[in-house]
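**Q** To start, I am sharing the structure in question, which I have written as structure tokens.
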Number of protein chains: 4
Amino acid sequence: MAAGEQGWIAKLTGDVEIAALFEDQALIASFARFESALVAGLAAAGRIDGTHAHRLIDQIDAFTPDSAAIAEAAVRDGVPVPEYVRQLRDHVSGPGREMLHFGATSQDLVDTAMVEAATRVSVIVTGRLDRLIAQLDQLEARDGGNALQAITRMQPALRFRAADRLNTWRRPLQDLRNRLGTVRERMEMLQFGGATGDLQALGSDAATVAAALADHLKLRWPGHSWHSDRGALIGYAGWLTELSGALGKIGQDVALMALRGETDIALSGGGSSSAMPHKQNPVAAERLVALARFNANLAGAMYHTQINEMERSGAAWTLEWMIFPQICETTGAALNAATTLIQSINRMGEPS
Amino acid sequence: MAAGEQGWIAKLTGDVEIAALFEDQALIASFARFESALVAGLAAAGRIDGTHAHRLIDQIDAFTPDSAAIAEAAVRDGVPVPEYVRQLRDHVSGPGREMLHFGATSQDLVDTAMVEAATRVSVIVTGRLDRLIAQLDQLEARDGGNALQAITRMQPALRFRAADRLNTWRRPLQDLRNRLGTVRERMEMLQFGGATGDLQALGSDAATVAAALADHLKLRWPGHSWHSDRGALIGYAGWLTELSGALGKIGQDVALMALRGETDIALSGGGSSSAMPHKQNPVAAERLVALARFNANLAGAMYHTQINEMERSGAAWTLEWMIFPQICETTGAALNAATTLIQSINRMGEPS
Amino acid sequence: MAAGEQGWIAKLTGDVEIAALFEDQALIASFARFESALVAGLAAAGRIDGTHAHRLIDQIDAFTPDSAAIAEAAVRDGVPVPEYVRQLRDHVSGPGREMLHFGATSQDLVDTAMVEAATRVSVIVTGRLDRLIAQLDQLEARDGGNALQAITRMQPALRFRAADRLNTWRRPLQDLRNRLGTVRERMEMLQFGGATGDLQALGSDAATVAAALADHLKLRWPGHSWHSDRGALIGYAGWLTELSGALGKIGQDVALMALRGETDIALSGGGSSSAMPHKQNPVAAERLVALARFNANLAGAMYHTQINEMERSGAAWTLEWMIFPQICETTGAALNAATTLIQSINRMGEPS
Amino acid sequence: MAAGEQGWIAKLTGDVEIAALFEDQALIASFARFESALVAGLAAAGRIDGTHAHRLIDQIDAFTPDSAAIAEAAVRDGVPVPEYVRQLRDHVSGPGREMLHFGATSQDLVDTAMVEAATRVSVIVTGRLDRLIAQLDQLEARDGGNALQAITRMQPALRFRAADRLNTWRRPLQDLRNRLGTVRERMEMLQFGGATGDLQALGSDAATVAAALADHLKLRWPGHSWHSDRGALIGYAGWLTELSGALGKIGQDVALMALRGETDIALSGGGSSSAMPHKQNPVAAERLVALARFNANLAGAMYHTQINEMERSGAAWTLEWMIFPQICETTGAALNAATTLIQSINRMGEPS
């Protein structure tokens, strides 16, 4: 989505840090890394002379493309790479120049760039999640022994300790944290398939080039292209959505505790009202619920990208571009809101 | 969502013109119109002297708020209005100043601003839709008599004329166009309810103030607040989604016709490929499918905003802000892509 | 879905009365009505002798098809009509027999049967909705003057009267009731298009046959087939979903009032707990929330059926069959749960 | 959903074998296993005498509850367990009888029953998936060397071999198969938490009872209740949905190949048409697309169940019951349709 959503709505529901990872500048820098690594890979397979490769790589690294023209051409081409490669071809010179982009296709660059962005999302998310879990630890250390009314099906059940509810908040987060490694390992892989996904232009050099390319990008080479199999990105989006859902549960609980009042929770820094100055609205808690429900529906849409016609679906791919960055950003925003919310808890439960 | 999606992805899938309607500048201008109209309404009910009201309105109209501070405060307050009103109160002076925002609440300003934005969306969408229908008329006039293979369940059925398929594209659009008036009439209404939706602060003057306020804003006054009833916005989002779906069907058909080849359609200006220069990809057609499927899932999410807790749900409201502008923008982008697509049809069917 | 969901889950979330409208027996009876009316329509156009037509119609009406064989064949054919028509052709005899099903196709029968089922859904839903609105009127008459705490953003706002909240429950229902006529009028139409939607087999008799056919079925003839345009069913599904959403809001409010306790609401007949005999859970209220959220996501899925490939999409059509009956049934279940819930309110608010 | 969907729609889109796993009979049998295992667990902790426990277990195992009464009571209680336990208590006699259901709550029985059903789903799905992968192996062995037109963005790209496309179908299936163990391990766990999830009624015996109970049921005991954390079921639903999506991609490809014609694929046993006897519609392929898109939207709805209010959300839980069995059944139906489809491929690509 475009500029209209950069004001207060974006401030409330977006994440500037994560959004930046999907900006043209970041994605195009990934394109450049890919093209450089590909030249290196081609050199490893003897398809281009080592010295020529070095000179080409230097030129690729030094090139500043016209990103406005790339964005413009993406409307016509349905993908930004043809114009990027055209500009890059105009820029580089010298022997071996014809090997630029050799064996690769637009999807190799775009998918690999998405993976690189998602990898950086993981780093940000991990830091915030660890911090949040530590906050919950501290909250438990401080208030865990307080008495709290357990509520089942919207009715008071028995009483228990604040720690009991805190555990139900923290456990899913810890569990998600523990599973991130597996999810990342699956997702952080090179896309490389060439025109039709079979690397046919590289013949018997395909494996050598792919391995070297992956090595340069510090990504796993799964042994084949995944151009029409979006499962790994869906899996990662599912992990992020489950995380935002776990935070949404915390938000819902805090909002309900705030509704029940001081016996359950004391919050500071709630939202003010334009009509009722006495109010302290649990706005961060409500936001967590909104972010979770937004991601829930986007996560469902991700599965539609699996219906990927034959060797490359422009429709499914475009749909993915509309959804995937938003899921990343929404989860990032949810982590920030959760940290704000937990910090604002002055007291949970009642000292016994 | 924030800045990350303003590059080529936004170019492909967004709509700058519609996005601008939901920018802070536009929405805050609506807030100012509301506050001015409210002062006029309070004057109509004798709650403020007419001369004082005029002077206040002039000050409101002349005020340029600090929108960055408003966006910042929205994170804390969950809504941008408290800070806007605070700034405005600091700005205005003179007698009657205490009547500023009297009887109103944040939701009155935000919901009415959304309605104003949506009203402008309608104007843009109407113009584009009329143009698209005219394009389809022209295409029929040119190619309607051509022979075309009808396809049912992905298999050749009987042959018919290009006009027969064109009719199945145009009829839903014409039908949507015909129903827009009803959808708009329902949606283009004033939100005015005060702190709890019952205008209790205005007592017996409520009806007079509301009617005058609506009159100044050229919006319908439904006779009551709709703070916790999001049906009208959902209905409008549904109309937009149905429109993008009807365009998605055209896109899917053109993509399939392009797959079947020259007997079905000849397109110009297709997308180029970085690996296969001979290709002309039907990228606008694919984009229509992506935009339709994206909106489909967002439209489902809109219904969740109906679960609006008691007199005001911050969670449901925030969710609406995340979804509604995107549905507007996506439909706008689809109309643009459809126009591009229809223009690119050099021939449909085979001259008999 | 099949048999597994007929036990307690179905009791909780389904609607036997509405489910029956989509059973084979009901849908196949619609097929028979269509075939009879088609013969009458063909007679009106002089394509079959009147006496022969009468004899054929009598045979069609008297025929009891083997519905198990039809269901079995539907797996192979993707649609139940070919086997139904085959059985019917075996059954009927006499002159004019060759005109059976003439000019029609499977979709004409299935879509018209769905419209007939939906029409009967409307009758059921209307009765229940009127009853529910009357219940709310009575509740207001009894408790409307009671004092109640208004809640905005999960925090106490000002106090108002129970009638104020009741109005926010009833108004959307009344509004939906008022709009049902328009929604029904759009949806209650004959599907008739023949093999490719253009009625080409009937030539210049198409309009006469269609008009007579529609007349016999007491359905509107829109002047053309709508085989690839699912808008009217989506519109109806949207109305139903908005209704279940409005009921979900009531459910959410009651659940929250039950959480706040006796100051807000006194309920009888709540759900019992296997572990805590003292509890009275607001289970009908919770159920309303679940039904609303279920429908919300199904309603989003309905829009995907618009991406209807060329003249008939088996994929989109099958998807519609999976969703549409469930939306009808879920809304019916929600109306029943809402009636149960409102009946269980012993007191709302506090007598002042 | 109820009875209405058991006819041809259910035949087309449902799975009788999987549906049966969620029938009352199956779920109530799980309740009995739980209650027996709980008595054994209580005996292990010395809470009930071993001989008494044996006698109780025999009585539990021998008991045939009135499932119609249970389904009826579930509407009132929102859950079937209170009535089941009431009937069981009436049935059993002898010393130790008061320990029946001790420490447990409705959710322990229902969630564990769902896990048991899902475990059986895994067994069925595994068998079918293995068979399908073997079918694809055989298809590759037979036709893999045939020439095929690769298609990217709905346009002919280069030519490759049928094996290349077959690999893109099989790899995601193989990958899903490889990951099933992890998904199952996470999901196949005992639910045991008592009234508020903390097993407080069992005091220091909680761990002993839980371990013995899990051991008897051959389920993992995660060390704590997961009453308000639905992540494991969401993860399993996600795996199933990803599987149906991978099958939907195969269906979409086959439908498009059938559209392109004999150069791409020769199918037998396609669906017949009531109007055009010459047609052979790829109905199993279309069905796969429908099933995948249906599951996609349901999978999104699953994440909403994470917003689980405090210690037990009737709303989220009911929503889960509406969705989860359907996702299982839809994936089962998709596996069956995929097997039918692959069997019907007479030839893929062109012998070179």
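Residue numbering restarts at 1 in every chain; chains get A, B, ... in the order shown in the structure tokens, and ligands count up from 1 in that same order.
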Using only C-alpha atoms and a distance of at most 6 Å, pull out the residues of chain C that contact chain D, as a VMD selection string.
**A** chain C and resid 1 to 8 10 12 14 19 to 20 22 to 24 71 75 to 78 82 105 to 106 195 271 to 275 283 286 to 287 289 to 290 314 to 315 318 to 319
**Q** Keeping only N, CA, C and O atoms, write those residues as a short mmCIF file (atom, residue, chain, number, x, y, z; two decimals), in the first residue's frame.
**A**
```cif
data_model
loop_
_atom_site.label_atom_id
_atom_site.label_comp_id
_atom_site.auth_asym_id
_atom_site.auth_seq_id
_atom_site.Cartn_x
_atom_site.Cartn_y
_atom_site.Cartn_z
N MET C 1 -19.67 -30.44 4.33
CA MET C 1 -18.99 -31.40 5.19
C MET C 1 -19.91 -32.57 5.51
O MET C 1 -21.11 -32.46 5.39
N ALA C 2 -19.33 -33.62 5.95
CA ALA C 2 -20.08 -34.86 6.05
C ALA C 2 -20.54 -35.17 7.47
O ALA C 2 -20.65 -34.30 8.32
N ALA C 3 -20.73 -36.42 7.71
CA ALA C 3 -21.51 -36.88 8.86
C ALA C 3 -20.89 -36.53 10.21
O ALA C 3 -21.58 -36.43 11.21
N GLY C 4 -19.59 -36.35 10.25
CA GLY C 4 -18.89 -36.20 11.51
C GLY C 4 -19.34 -35.03 12.33
O GLY C 4 -19.08 -34.95 13.52
N GLU C 5 -19.99 -34.09 11.68
CA GLU C 5 -20.30 -32.88 12.41
C GLU C 5 -21.78 -32.77 12.75
O GLU C 5 -22.33 -31.70 12.80
N GLN C 6 -22.39 -33.94 12.95
CA GLN C 6 -23.82 -33.92 13.23
C GLN C 6 -24.15 -34.09 14.68
O GLN C 6 -25.32 -34.12 15.02
N GLY C 7 -23.20 -34.27 15.51
CA GLY C 7 -23.47 -34.53 16.89
C GLY C 7 -23.56 -33.24 17.68
O GLY C 7 -24.22 -32.29 17.29
N TRP C 8 -22.87 -33.22 18.81
CA TRP C 8 -23.02 -32.06 19.69
C TRP C 8 -22.48 -30.78 19.06
O TRP C 8 -22.99 -29.69 19.33
N ALA C 10 -22.70 -29.95 15.94
CA ALA C 10 -23.77 -29.47 15.07
C ALA C 10 -24.94 -28.92 15.88
O ALA C 10 -25.55 -27.93 15.50
N LEU C 12 -24.76 -27.44 18.64
CA LEU C 12 -24.34 -26.14 19.16
C LEU C 12 -24.31 -25.07 18.08
O LEU C 12 -24.64 -23.92 18.33
N GLY C 14 -25.11 -25.55 14.47
CA GLY C 14 -25.84 -25.71 13.22
C GLY C 14 -27.31 -25.35 13.37
O GLY C 14 -27.76 -24.88 14.41
N ALA C 19 -30.42 -26.39 7.37
CA ALA C 19 -29.62 -27.44 6.74
C ALA C 19 -30.47 -28.28 5.81
O ALA C 19 -30.04 -28.67 4.71
N ALA C 20 -31.71 -28.54 6.22
CA ALA C 20 -32.59 -29.39 5.41
C ALA C 20 -32.85 -28.78 4.04
O ALA C 20 -33.11 -29.51 3.06
N PHE C 22 -30.80 -27.53 2.08
CA PHE C 22 -29.69 -27.81 1.17
C PHE C 22 -29.44 -29.31 1.04
O PHE C 22 -28.44 -29.72 0.45
N GLU C 23 -30.34 -30.09 1.61
CA GLU C 23 -30.22 -31.54 1.46
C GLU C 23 -30.56 -31.98 0.04
O GLU C 23 -31.30 -31.29 -0.68
N ASP C 24 -30.08 -33.15 -0.34
CA ASP C 24 -30.33 -33.66 -1.69
C ASP C 24 -31.80 -33.64 -2.05
O ASP C 24 -32.19 -33.24 -3.14
N ALA C 71 -25.67 -38.69 -5.98
CA ALA C 71 -24.55 -38.21 -5.16
C ALA C 71 -23.25 -38.90 -5.58
O ALA C 71 -22.19 -38.27 -5.66
N VAL C 75 -19.52 -37.09 -7.83
CA VAL C 75 -18.07 -37.11 -7.61
C VAL C 75 -17.35 -37.20 -8.97
O VAL C 75 -16.35 -36.52 -9.21
N ARG C 76 -17.89 -38.01 -9.86
CA ARG C 76 -17.29 -38.18 -11.18
C ARG C 76 -17.53 -36.97 -12.06
O ARG C 76 -16.63 -36.49 -12.75
N ASP C 77 -18.77 -36.45 -12.03
CA ASP C 77 -19.14 -35.38 -12.94
C ASP C 77 -18.86 -34.00 -12.38
O ASP C 77 -18.90 -33.00 -13.11
N GLY C 78 -18.63 -33.91 -11.09
CA GLY C 78 -18.38 -32.61 -10.49
C GLY C 78 -19.67 -31.85 -10.22
O GLY C 78 -19.64 -30.72 -9.72
N PRO C 82 -25.97 -34.24 -14.45
CA PRO C 82 -25.95 -35.21 -15.55
C PRO C 82 -26.63 -36.53 -15.17
O PRO C 82 -27.41 -37.07 -15.97
N THR C 105 -28.62 -26.42 -19.07
CA THR C 105 -27.38 -27.07 -18.68
C THR C 105 -27.39 -27.28 -17.17
O THR C 105 -28.24 -26.74 -16.46
N SER C 106 -26.43 -28.04 -16.68
CA SER C 106 -26.36 -28.36 -15.25
C SER C 106 -26.47 -27.12 -14.38
O SER C 106 -27.15 -27.09 -13.36
N ALA C 195 -25.64 -24.20 -22.40
CA ALA C 195 -24.27 -24.70 -22.34
C ALA C 195 -23.23 -23.61 -22.08
O ALA C 195 -22.31 -23.80 -21.29
N GLY C 271 -24.77 -22.03 31.16
CA GLY C 271 -24.19 -23.36 31.04
C GLY C 271 -23.59 -23.82 32.35
O GLY C 271 -22.99 -23.04 33.09
N SER C 272 -23.70 -25.08 32.63
CA SER C 272 -23.08 -25.60 33.84
C SER C 272 -21.68 -26.09 33.51
O SER C 272 -21.29 -26.26 32.37
N SER C 273 -20.91 -26.27 34.54
CA SER C 273 -19.51 -26.63 34.43
C SER C 273 -19.33 -28.01 35.07
O SER C 273 -20.01 -28.34 36.03
N SER C 274 -18.42 -28.82 34.50
CA SER C 274 -18.21 -30.14 35.09
C SER C 274 -17.37 -30.06 36.36
O SER C 274 -17.37 -30.97 37.16
N ALA C 275 -16.66 -28.96 36.54
CA ALA C 275 -15.76 -28.85 37.68
C ALA C 275 -16.24 -27.86 38.74
O ALA C 275 -15.87 -27.96 39.89
N VAL C 283 -23.22 -19.12 27.85
CA VAL C 283 -22.77 -19.89 26.68
C VAL C 283 -23.45 -19.45 25.39
O VAL C 283 -22.85 -19.48 24.32
N GLU C 286 -21.46 -16.47 24.16
CA GLU C 286 -20.19 -16.88 23.56
C GLU C 286 -20.40 -17.49 22.17
O GLU C 286 -19.62 -17.27 21.24
N ARG C 287 -21.47 -18.29 22.08
CA ARG C 287 -21.76 -18.95 20.81
C ARG C 287 -22.01 -17.91 19.71
O ARG C 287 -21.55 -18.08 18.58
N VAL C 289 -20.69 -15.04 19.43
CA VAL C 289 -19.39 -14.50 18.99
C VAL C 289 -18.71 -15.48 18.04
O VAL C 289 -18.19 -15.11 16.98
N ALA C 290 -18.73 -16.76 18.40
CA ALA C 290 -18.09 -17.78 17.56
C ALA C 290 -18.75 -17.85 16.18
O ALA C 290 -18.07 -17.89 15.15
N GLY C 314 -15.56 -24.72 -12.48
CA GLY C 314 -15.86 -25.79 -11.53
C GLY C 314 -15.23 -25.52 -10.18
O GLY C 314 -15.81 -25.84 -9.14
N ALA C 315 -14.06 -24.90 -10.18
CA ALA C 315 -13.37 -24.63 -8.91
C ALA C 315 -14.15 -23.62 -8.08
O ALA C 315 -14.41 -23.84 -6.89
N THR C 318 -17.64 -25.09 -6.94
CA THR C 318 -17.51 -26.04 -5.83
C THR C 318 -17.23 -25.30 -4.52
O THR C 318 -17.79 -25.62 -3.47
N LEU C 319 -16.37 -24.31 -4.60
CA LEU C 319 -16.07 -23.50 -3.41
C LEU C 319 -17.34 -22.86 -2.87
O LEU C 319 -17.60 -22.85 -1.66
#
```
**Q** I'd like to know which residues of region 64-293 of chain D are helix (DSSP H, G or I) (by DSSP, run on the backbone); could you write them as a PyMOL selection string?
**A** chain D and resi 67-77+81-91+97-99+106-143+162-187+200-217+231-260+283-293
**Q** If we count only C-alpha atoms, what is near Ser268 (chain D) at a cut-off of 7 Å, once residues fewer than 2 positions away on the same chain are taken out, given as a list in words?
**A**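 Here the qualifying residues turn out to be Ala266, Gly270, Ser344, Ile345 and Asn346 of chain D.
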**Q** Name all residues at most 7 Å from region 42-45 of chain C (count only C-alpha atoms; drop same-chain ones fewer than 3 positions away) and give them as a PyMOL selection string.
**A** chain C and resi 38-39+48-50+53+205+208-209+212
**Q** Report, in Å with one decimal, the straight-line distance from CA of Phe31 (chain B) to CA of Thr112 (chain B).
**A**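 Interatomic distance, CA of Phe31 (chain B) to CA of Thr112 (chain B): 8.1 Å.
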**Q** Suppose you want the space between CA of Leu158 (chain D) and CA of Gln200 (chain A); what is it in Å?
**A**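 It comes out at 9.5 Å.
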**Q** Using only C-alpha atoms, find the one residue out of B:Ile151, B:Ile234, B:Met310, B:Ala210 that sits nearest to Ile250 (chain C).
**A**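 Between B:Ile151, B:Ile234, B:Met310, B:Ala210, the residue approaching Ile250 (chain C) most closely is B:Met310.
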**Q** Running DSSP on the backbone, which parts of region 14-260 of chain C land in strand (DSSP E), as a list in words?
**A**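 Here are the strand (DSSP E) residues of region 14-260 of chain C: Ala147, Leu148, Gln149, Ala150, Ile151, Thr152, Gln155, Pro156, Ala157, Leu158, Arg159, Phe160 and Arg161 of chain C.
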**Q** Could you tell me how far CA of Asn308 (chain D) sits from CA of Leu256 (chain A), in Å to one decimal place?
**A** 11.2 Å
